[in-house]
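Q: Dumping the structure here so I can ask a few things about it.
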Amino acid sequence: MKINLAVLFGGRSVEHEVSIISAVQAMTNLDTNKYQILPVYISKTNQLFTGPNLMVMSAYRDVDALLATCSPAQLLVDDGRTWLASAPAHRWAKPQRQVIDVALPIVHGTGGEDGSLQGWLTMLNLPFAGPDVLGSAVGMDKAVEKALLRAAGLPVLPELLIHRGDDWSGDVVTRAEDAFAYPMIVKPANLGSSIGISKAQDRDQLLAGLELAFSFAERVMIEPMVSNLREINCAVLGNLDRVDLSECEEPIMTDDILSFRDKYVGGTAAKGGKSAGAAASSAGAKQAESAGMASLKRLLPAPISPTQRSQIQSLAKETFCCLGLEGVTRVDFLMDGVSGQIWINEVNTIPGSLAFYLFEPVGLPYPALLDRLVELAMARFRRQQDVTLAFDSNILAGAAIGGSKGAKSAS
């Protein structure tokens with residue numbers, strides 16, 4: 001019997017379009033002999049839609065026309081099971097319902113990668129791939145993430161955390177200039193895909209960078225710029241019981257920092273490397289690329305020494321375990337290309353394309369990676385069934401409304 005697998009993607013996020021590409025790649029690579037694929041598109045207004053056309057990348061050229069062919073949908077719990085319910089095409093027809101066995105969230109950024117979606121799926125009693133609520137929230141919040149990594153003795157850059165209500169032009173600038181020399185990096189504390197990140201060479205650029213970052217987030221971080229910067233990425237697949245490590249890559253930057261444009265609207269692959277699209281032999285990846293996702297230039301494997309590769313892979317594993325993550329996570333590192341010093345930059349708990357292209361060089365094809373994600377989701381759900389979540393008491397038998405004491409203090 002096939003597993004009914006709901007693939008959730010889209011969402012109210014600045015990474016909405018990237019999520020669509022990642023999801024279509026995944027749906028095209030899932031083994032249809034094993035899975036009944038149930039696409040669930042989340043619009044930018046958080047409305048749910050389902051329908052087979054959601055698996056066709058070219059259909060997203062006109063989203064309004066695409067959604068006209070789809071059915072509004074909702075997830076609900078009934079009779080101890082989770083269902084995907086879709087509205088009928090005609091008012092007099094019966095609503096359609098399909099049991100969901102497991103969910104594969106591929107919603108990047110706010111509302112999908114930050115624990116919000118994971119909390120909802122937990123409330124629905126639905127197994128889902130990737131980290132749980134806490135792991136997702138910690139992985140998305142760079143400030144909390146760095147605090148935990150630093151406490152564990154792992155290498156991270158110093159930072160200055162700024163809140164929207166702080167005095168940007170006065171105290172913030174003074175504190176930043178006292179802490180770091182120019183240039184500095186300014187970035188939102190809880191976004192991915194390099195959105196809202198800028199480099200400040202002087203005070204004017206610092207103020208402009210703060211304004212940009214605060215347009216995307218309530219909290220912003222200022223960090224020192226790494227000299228001779230190289231970015232190296234490594235992905236981790238598994239849970240606390242077992243992890244598999246990917247090959248390391250080095251994204252090619254067109255500027256001093258890796259931008260959203262570098263990641264998603266750049267050119268073709270660098271000589272000697274593979275891109276997210278070119279690395280995949282599957283029709284799904286090629287279809288997604290032809291739909292508008294130009295490939296990130298990257299060197300794969302990264303041109304680093306065996307010792308550096310081993311160090312980065314070890315740090316990736318330690319980061320994954322320190323933050324209590326599950327599923328597939330890409331860990332991004334900063335490296336001084338001269339001194340060789342390495343810092344953990346951030347984690348991506350639902351990475352673009354699910355980082356499949358990093359696992360293919362170590363012998364794990366994309367369909368097998370997706371199988372592993374589903375297996376991990378189901379295994380965690382089975383473990384959680386052994387946890388006591390309810391406690392029987394007769395507290396309501398003697399409860400009374402009103403009075404001067406609250407429920408906790410009443411005796």
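By order in the structure tokens, chains are A, B, ...; within a chain, residues start at 1; ligands start at 1, following the order shown.
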Write out as a PyMOL selection string each polymer residue whose atoms come within 7 Å of region 97-109 of chain A, counting only C-alpha atoms; drop sequence neighbours fewer than 6 positions from it.
A: chain A and resi 3-11+13+15+19+22-23+81-86+126-129+191-192+350
Q: Suppose you want the space between CA of Gly139 (chain A) and CA of Asp332 (chain A); what is it in Å?
A: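 Going from CA of Gly139 (chain A) over to CA of Asp332 (chain A), I get 12.0 Å.
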Q: I'd like the neighbourhood of Phe214 (chain A) as a ChimeraX atom specification, where a residue qualifies if any of its atoms comes within 9 Å (using only C-alpha atoms), though same-chain residues fewer than 6 positions away should be ignored.
A: /A:163-164,187-188,196,220
Q: Could you write out the selected residues, including N, CA and C atoms, as an mmCIF file, in the first residue's frame?
A:
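After the write, again_5.cif holds the following:
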```
data_model
loop_
_atom_site.group_PDB
_atom_site.id
_atom_site.type_symbol
_atom_site.label_atom_id
_atom_site.label_comp_id
_atom_site.auth_asym_id
_atom_site.auth_seq_id
_atom_site.Cartn_x
_atom_site.Cartn_y
_atom_site.Cartn_z
ATOM 1 N N HIS A 163 17.375 45.666 18.432
ATOM 2 C CA HIS A 163 15.918 45.576 18.364
ATOM 3 C C HIS A 163 15.362 46.810 17.658
ATOM 4 N N ARG A 164 14.206 46.658 17.061
ATOM 5 C CA ARG A 164 13.627 47.732 16.257
ATOM 6 C C ARG A 164 13.495 49.038 17.046
ATOM 7 N N LYS A 187 22.416 42.010 9.101
ATOM 8 C CA LYS A 187 21.462 41.033 8.575
ATOM 9 C C LYS A 187 20.310 40.809 9.530
ATOM 10 N N PRO A 188 19.135 40.476 8.986
ATOM 11 C CA PRO A 188 17.993 40.114 9.836
ATOM 12 C C PRO A 188 18.341 38.902 10.690
ATOM 13 N N GLY A 196 17.976 40.635 2.785
ATOM 14 C CA GLY A 196 18.139 41.719 3.745
ATOM 15 C C GLY A 196 19.533 41.889 4.290
ATOM 16 N N VAL A 220 17.815 42.551 14.440
ATOM 17 C CA VAL A 220 18.882 42.588 13.432
ATOM 18 C C VAL A 220 20.223 42.346 14.127
#
```
Q: Please compute the CA of Leu325 (chain A)-CA of Arg242 (chain A) distance, one decimal, in Å.
A: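 Here the two named atoms are 11.5 Å from each other.
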Q: Just want the 8 Å neighbourhood of Gly135 (chain A), counted on only C-alpha atoms, with same-chain residues fewer than 4 positions away dropped. Output as a list of chain:residue names.
A: A:Gly115, A:Pro131, A:Gly139, A:Leu323, A:Gly324, A:Leu325, A:Glu326
Q: Output N, CA, C and O atoms for every residue in that selection, as a JSON list (two decimals), in the first residue's frame.
A:
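Contents of part.json, freshly written:
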```
[["chain", "number", "residue", "atom", "x", "y", "z"],
["A", 115, "GLY", "N", 9.24, 27.00, 13.04],
["A", 115, "GLY", "CA", 8.48, 26.29, 14.07],
["A", 115, "GLY", "C", 6.99, 26.51, 13.98],
["A", 115, "GLY", "O", 6.22, 25.74, 14.58],
["A", 131, "PRO", "N", 13.09, 19.07, 11.54],
["A", 131, "PRO", "CA", 13.16, 19.27, 12.99],
["A", 131, "PRO", "C", 11.78, 19.46, 13.60],
["A", 131, "PRO", "O", 10.82, 19.80, 12.91],
["A", 139, "GLY", "N", 16.78, 26.94, 14.94],
["A", 139, "GLY", "CA", 17.53, 26.98, 13.70],
["A", 139, "GLY", "C", 17.25, 28.23, 12.88],
["A", 139, "GLY", "O", 18.10, 28.67, 12.11],
["A", 323, "LEU", "N", 21.97, 21.58, 18.34],
["A", 323, "LEU", "CA", 20.68, 22.25, 18.18],
["A", 323, "LEU", "C", 19.51, 21.27, 18.19],
["A", 323, "LEU", "O", 18.36, 21.68, 18.07],
["A", 324, "GLY", "N", 19.80, 19.97, 18.33],
["A", 324, "GLY", "CA", 18.74, 18.97, 18.40],
["A", 324, "GLY", "C", 17.94, 18.86, 17.13],
["A", 324, "GLY", "O", 16.70, 18.72, 17.17],
["A", 325, "LEU", "N", 18.61, 18.88, 15.98],
["A", 325, "LEU", "CA", 17.91, 18.89, 14.69],
["A", 325, "LEU", "C", 17.62, 17.48, 14.19],
["A", 325, "LEU", "O", 18.20, 16.50, 14.66],
["A", 326, "GLU", "N", 16.73, 17.39, 13.22],
["A", 326, "GLU", "CA", 16.42, 16.13, 12.52],
["A", 326, "GLU", "C", 16.16, 16.44, 11.06],
["A", 326, "GLU", "O", 15.96, 17.60, 10.68]]
```
Q: One decimal, in Å: what's the spacing between CA of Val63 (chain A) and CA of Leu373 (chain A)?
A: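 For CA of Val63 (chain A) relative to CA of Leu373 (chain A), the distance reads 28.6 Å.
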Q: Do you know which residues are at most 10 Å from region 203-207 of chain A counting only C-alpha atoms, after dropping those on the same chain fewer than 3 positions away, and could you put them as a list of chain:residue names?
A: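 Using only C-alpha atoms, the neighbours found are A:Trp168, A:Ser169, A:Val172, A:Val173, A:Thr174, A:Ala176, A:Glu177, A:Tyr182, A:Pro183, A:Met184, A:Ile185, A:Val186, A:Ser198, A:Lys199, A:Ala200, A:Leu210, A:Glu211, A:Leu212, A:Ala213, A:Ile222.
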Q: Kindly export the residues of the current selection with N, CA, C and O atoms, as a PDB file, in the first residue's frame.
A:
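Produced file part.pdb, reproduced below:
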```
ATOM      1  N   TRP A 168      18.854  53.774  16.412  1.00  0.00           N
ATOM      2  CA  TRP A 168      19.764  53.398  15.340  1.00  0.00           C
ATOM      3  C   TRP A 168      20.892  54.398  15.137  1.00  0.00           C
ATOM      4  O   TRP A 168      22.055  54.029  15.023  1.00  0.00           O
ATOM      5  N   SER A 169      20.527  55.656  15.037  1.00  0.00           N
ATOM      6  CA  SER A 169      21.504  56.668  14.626  1.00  0.00           C
ATOM      7  C   SER A 169      22.471  57.060  15.738  1.00  0.00           C
ATOM      8  O   SER A 169      23.515  57.633  15.465  1.00  0.00           O
ATOM      9  N   VAL A 172      23.193  52.677  18.850  1.00  0.00           N
ATOM     10  CA  VAL A 172      23.506  51.470  18.091  1.00  0.00           C
ATOM     11  C   VAL A 172      24.787  51.649  17.292  1.00  0.00           C
ATOM     12  O   VAL A 172      25.687  50.799  17.309  1.00  0.00           O
ATOM     13  N   VAL A 173      24.891  52.747  16.572  1.00  0.00           N
ATOM     14  CA  VAL A 173      26.081  52.993  15.759  1.00  0.00           C
ATOM     15  C   VAL A 173      27.321  53.090  16.637  1.00  0.00           C
ATOM     16  O   VAL A 173      28.384  52.522  16.327  1.00  0.00           O
ATOM     17  N   THR A 174      27.215  53.786  17.754  1.00  0.00           N
ATOM     18  CA  THR A 174      28.349  53.925  18.665  1.00  0.00           C
ATOM     19  C   THR A 174      28.796  52.569  19.199  1.00  0.00           C
ATOM     20  O   THR A 174      29.998  52.249  19.218  1.00  0.00           O
ATOM     21  N   ALA A 176      28.264  49.640  17.853  1.00  0.00           N
ATOM     22  CA  ALA A 176      28.811  48.834  16.757  1.00  0.00           C
ATOM     23  C   ALA A 176      30.235  49.260  16.433  1.00  0.00           C
ATOM     24  O   ALA A 176      31.128  48.413  16.245  1.00  0.00           O
ATOM     25  N   GLU A 177      30.486  50.555  16.363  1.00  0.00           N
ATOM     26  CA  GLU A 177      31.822  51.044  16.033  1.00  0.00           C
ATOM     27  C   GLU A 177      32.807  50.766  17.155  1.00  0.00           C
ATOM     28  O   GLU A 177      34.012  50.602  16.909  1.00  0.00           O
ATOM     29  N   TYR A 182      35.136  48.666  10.573  1.00  0.00           N
ATOM     30  CA  TYR A 182      34.519  48.513   9.261  1.00  0.00           C
ATOM     31  C   TYR A 182      35.453  47.688   8.377  1.00  0.00           C
ATOM     32  O   TYR A 182      36.675  47.756   8.534  1.00  0.00           O
ATOM     33  N   PRO A 183      34.879  46.898   7.450  1.00  0.00           N
ATOM     34  CA  PRO A 183      33.455  46.729   7.137  1.00  0.00           C
ATOM     35  C   PRO A 183      32.755  45.786   8.117  1.00  0.00           C
ATOM     36  O   PRO A 183      33.380  44.926   8.730  1.00  0.00           O
ATOM     37  N   MET A 184      31.437  45.959   8.217  1.00  0.00           N
ATOM     38  CA  MET A 184      30.588  45.119   9.049  1.00  0.00           C
ATOM     39  C   MET A 184      29.488  44.501   8.183  1.00  0.00           C
ATOM     40  O   MET A 184      29.172  45.008   7.112  1.00  0.00           O
ATOM     41  N   ILE A 185      28.912  43.415   8.696  1.00  0.00           N
ATOM     42  CA  ILE A 185      27.795  42.763   8.032  1.00  0.00           C
ATOM     43  C   ILE A 185      26.531  43.018   8.847  1.00  0.00           C
ATOM     44  O   ILE A 185      26.532  42.862  10.076  1.00  0.00           O
ATOM     45  N   VAL A 186      25.461  43.437   8.173  1.00  0.00           N
ATOM     46  CA  VAL A 186      24.174  43.693   8.821  1.00  0.00           C
ATOM     47  C   VAL A 186      23.152  42.726   8.228  1.00  0.00           C
ATOM     48  O   VAL A 186      23.039  42.616   7.000  1.00  0.00           O
ATOM     49  N   SER A 198      23.488  43.067   4.097  1.00  0.00           N
ATOM     50  CA  SER A 198      24.311  44.058   3.401  1.00  0.00           C
ATOM     51  C   SER A 198      25.646  44.219   4.108  1.00  0.00           C
ATOM     52  O   SER A 198      25.804  43.832   5.276  1.00  0.00           O
ATOM     53  N   LYS A 199      26.591  44.796   3.397  1.00  0.00           N
ATOM     54  CA  LYS A 199      27.907  45.101   3.953  1.00  0.00           C
ATOM     55  C   LYS A 199      28.020  46.603   4.154  1.00  0.00           C
ATOM     56  O   LYS A 199      27.650  47.380   3.264  1.00  0.00           O
ATOM     57  N   ALA A 200      28.512  47.015   5.320  1.00  0.00           N
ATOM     58  CA  ALA A 200      28.661  48.439   5.635  1.00  0.00           C
ATOM     59  C   ALA A 200      30.139  48.798   5.700  1.00  0.00           C
ATOM     60  O   ALA A 200      30.883  48.267   6.522  1.00  0.00           O
ATOM     61  N   LEU A 210      20.951  48.860   8.335  1.00  0.00           N
ATOM     62  CA  LEU A 210      19.989  48.650   9.416  1.00  0.00           C
ATOM     63  C   LEU A 210      18.563  48.885   8.928  1.00  0.00           C
ATOM     64  O   LEU A 210      17.642  48.121   9.244  1.00  0.00           O
ATOM     65  N   GLU A 211      18.386  49.936   8.151  1.00  0.00           N
ATOM     66  CA  GLU A 211      17.044  50.225   7.625  1.00  0.00           C
ATOM     67  C   GLU A 211      16.554  49.094   6.730  1.00  0.00           C
ATOM     68  O   GLU A 211      15.394  48.681   6.807  1.00  0.00           O
ATOM     69  N   LEU A 212      17.443  48.576   5.880  1.00  0.00           N
ATOM     70  CA  LEU A 212      17.078  47.463   5.008  1.00  0.00           C
ATOM     71  C   LEU A 212      16.717  46.227   5.830  1.00  0.00           C
ATOM     72  O   LEU A 212      15.672  45.601   5.614  1.00  0.00           O
ATOM     73  N   ALA A 213      17.566  45.864   6.785  1.00  0.00           N
ATOM     74  CA  ALA A 213      17.340  44.653   7.565  1.00  0.00           C
ATOM     75  C   ALA A 213      16.062  44.755   8.392  1.00  0.00           C
ATOM     76  O   ALA A 213      15.301  43.784   8.504  1.00  0.00           O
ATOM     77  N   ILE A 222      24.508  42.698  13.837  1.00  0.00           N
ATOM     78  CA  ILE A 222      25.694  43.289  13.216  1.00  0.00           C
ATOM     79  C   ILE A 222      26.876  42.406  13.580  1.00  0.00           C
ATOM     80  O   ILE A 222      27.081  42.073  14.751  1.00  0.00           O
TER      81      ILE A 222
END
```
Q: Considering only C-alpha atoms, tabulate each residue of region 142-243 of chain A that lies at most 12 Å from region 365-369 of chain A along with its nearest interatomic pair and the corresponding distance in Å to one decimal; arrange the rows by chain and ascending residue number and present them as a tab-separated table.
A:
```
residue	atom	partner	partner_atom	distance
A:Ala235	CA	A:Leu369	CA	11.9
A:Val236	CA	A:Leu369	CA	11.1
A:Leu237	CA	A:Leu369	CA	8.3
A:Gly238	CA	A:Leu369	CA	10.0
```
Q: Need to verify the contact set: Leu124 (chain A), 8 Å, only C-alpha atoms, exclusion of same-chain residues closer than 4 positions in sequence. Can you return it as an NGL selection string?
A: :A and (75-77 or 82 or 120)
Q: Suppose we keep C-alpha atoms; can you now write the selection as a short mmCIF file (atom, residue, chain, number, x, y, z; two decimals), in the first residue's frame?
A:
```cif
data_model
loop_
_atom_site.label_atom_id
_atom_site.label_comp_id
_atom_site.auth_asym_id
_atom_site.auth_seq_id
_atom_site.Cartn_x
_atom_site.Cartn_y
_atom_site.Cartn_z
CA LEU A 75 -6.11 19.85 6.99
CA LEU A 76 -8.28 18.44 9.75
CA VAL A 77 -8.38 15.70 12.36
CA THR A 82 -5.40 13.52 9.73
CA TRP A 120 0.46 23.27 13.51
#
```
Q: Ranking A:Met123, A:Leu300, A:Leu370, A:Leu154 by minimum distance to Ala316 (chain A) and counting only C-alpha atoms, which one comes first?
A: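 Of A:Met123, A:Leu300, A:Leu370, A:Leu154, the one nearest Ala316 (chain A), counting only C-alpha atoms, is A:Leu154.
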Q: Taking into account only C-alpha atoms, which residue in the set A:Ser339, A:Thr50, A:Asn190, A:Gln36 is nearest to Gln308 (chain A)?
A: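 Looking only at the distances to Gln308 (chain A), the closest residue turns out to be A:Ser339.
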Q: Can you list, as an MDAnalysis selection string, all residues belonging to region 126-247 of chain A that DSSP tags as strand (DSSP E or B)?
A: chainID A and resid 128 160:163 184:188 198:200 219:224 229:238 243:247
Q: Take the residues just selected and output them with C-alpha atoms as a compact mmCIF listing (two decimals), in the first residue's frame.
A:
```txt
# COMPACT_ATOMS: atom_id res chain seq x y z
CA PHE A 128 6.35 15.42 9.49
CA LEU A 160 25.61 42.87 18.27
CA LEU A 161 21.87 42.21 18.49
CA ILE A 162 19.66 45.22 17.74
CA HIS A 163 15.92 45.58 18.36
CA MET A 184 30.59 45.12 9.05
CA ILE A 185 27.80 42.76 8.03
CA VAL A 186 24.17 43.69 8.82
CA LYS A 187 21.46 41.03 8.57
CA PRO A 188 17.99 40.11 9.84
CA SER A 198 24.31 44.06 3.40
CA LYS A 199 27.91 45.10 3.95
CA ALA A 200 28.66 48.44 5.63
CA ARG A 219 15.64 42.03 15.31
CA VAL A 220 18.88 42.59 13.43
CA MET A 221 22.46 41.45 13.95
CA ILE A 222 25.69 43.29 13.22
CA GLU A 223 28.82 41.17 12.79
CA PRO A 224 32.41 41.81 11.78
CA LEU A 229 36.09 35.44 2.97
CA ARG A 230 35.24 32.03 1.60
CA GLU A 231 31.90 30.33 2.26
CA ILE A 232 31.83 26.55 2.65
CA ASN A 233 28.65 24.53 3.10
CA CYS A 234 28.03 20.99 4.31
CA ALA A 235 24.73 19.18 4.84
CA VAL A 236 23.71 16.69 7.52
CA LEU A 237 20.99 14.05 7.23
CA GLY A 238 19.59 12.05 10.14
CA VAL A 243 23.85 11.20 10.88
CA ASP A 244 25.14 11.10 7.32
CA LEU A 245 27.38 13.89 6.06
CA SER A 246 27.43 15.38 2.57
CA GLU A 247 30.22 16.61 0.38
```
Q: Ranking A:Thr319, A:Thr349, A:Gln96, A:Ser310 by minimum distance to Val133 (chain A) and counting only C-alpha atoms, which one comes first?
A: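 Residue with the minimum atom-to-atom distance to Val133 (chain A): A:Thr349.
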Q: What's the 9 Å shell around Ile342 (chain A), counting only C-alpha atoms, without same-chain residues fewer than 5 positions away, as a PyMOL selection string?
A: chain A and resi 155-156+308+311-312+333-336
Q: Mind writing the picked residues with N, CA and C atoms as a CSV table (one decimal), in the first residue's frame?
A:
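Ended up saving to part05.csv:
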```csv
chain,number,residue,atom,x,y,z
A,155,PRO,N,32.7,27.4,17.3
A,155,PRO,CA,33.2,28.7,16.8
A,155,PRO,C,32.1,29.5,16.0
A,156,VAL,N,31.8,30.6,16.6
A,156,VAL,CA,30.9,31.6,15.9
A,156,VAL,C,31.4,33.0,16.0
A,308,GLN,N,40.7,20.3,6.3
A,308,GLN,CA,39.7,21.3,6.4
A,308,GLN,C,38.3,20.7,6.1
A,311,GLN,N,37.4,18.8,9.2
A,311,GLN,CA,37.0,19.8,10.3
A,311,GLN,C,35.6,20.3,10.1
A,312,ILE,N,35.3,20.7,8.8
A,312,ILE,CA,34.0,21.3,8.5
A,312,ILE,C,32.9,20.2,8.7
A,333,PHE,N,29.3,27.8,6.6
A,333,PHE,CA,30.5,28.2,7.3
A,333,PHE,C,31.1,29.4,6.6
A,334,LEU,N,31.8,30.2,7.4
A,334,LEU,CA,32.7,31.3,6.9
A,334,LEU,C,34.1,30.9,7.2
A,335,MET,N,35.0,31.1,6.2
A,335,MET,CA,36.4,30.7,6.4
A,335,MET,C,37.3,31.9,5.9
A,336,ASP,N,38.3,32.2,6.7
A,336,ASP,CA,39.3,33.1,6.2
A,336,ASP,C,40.3,32.3,5.3
```
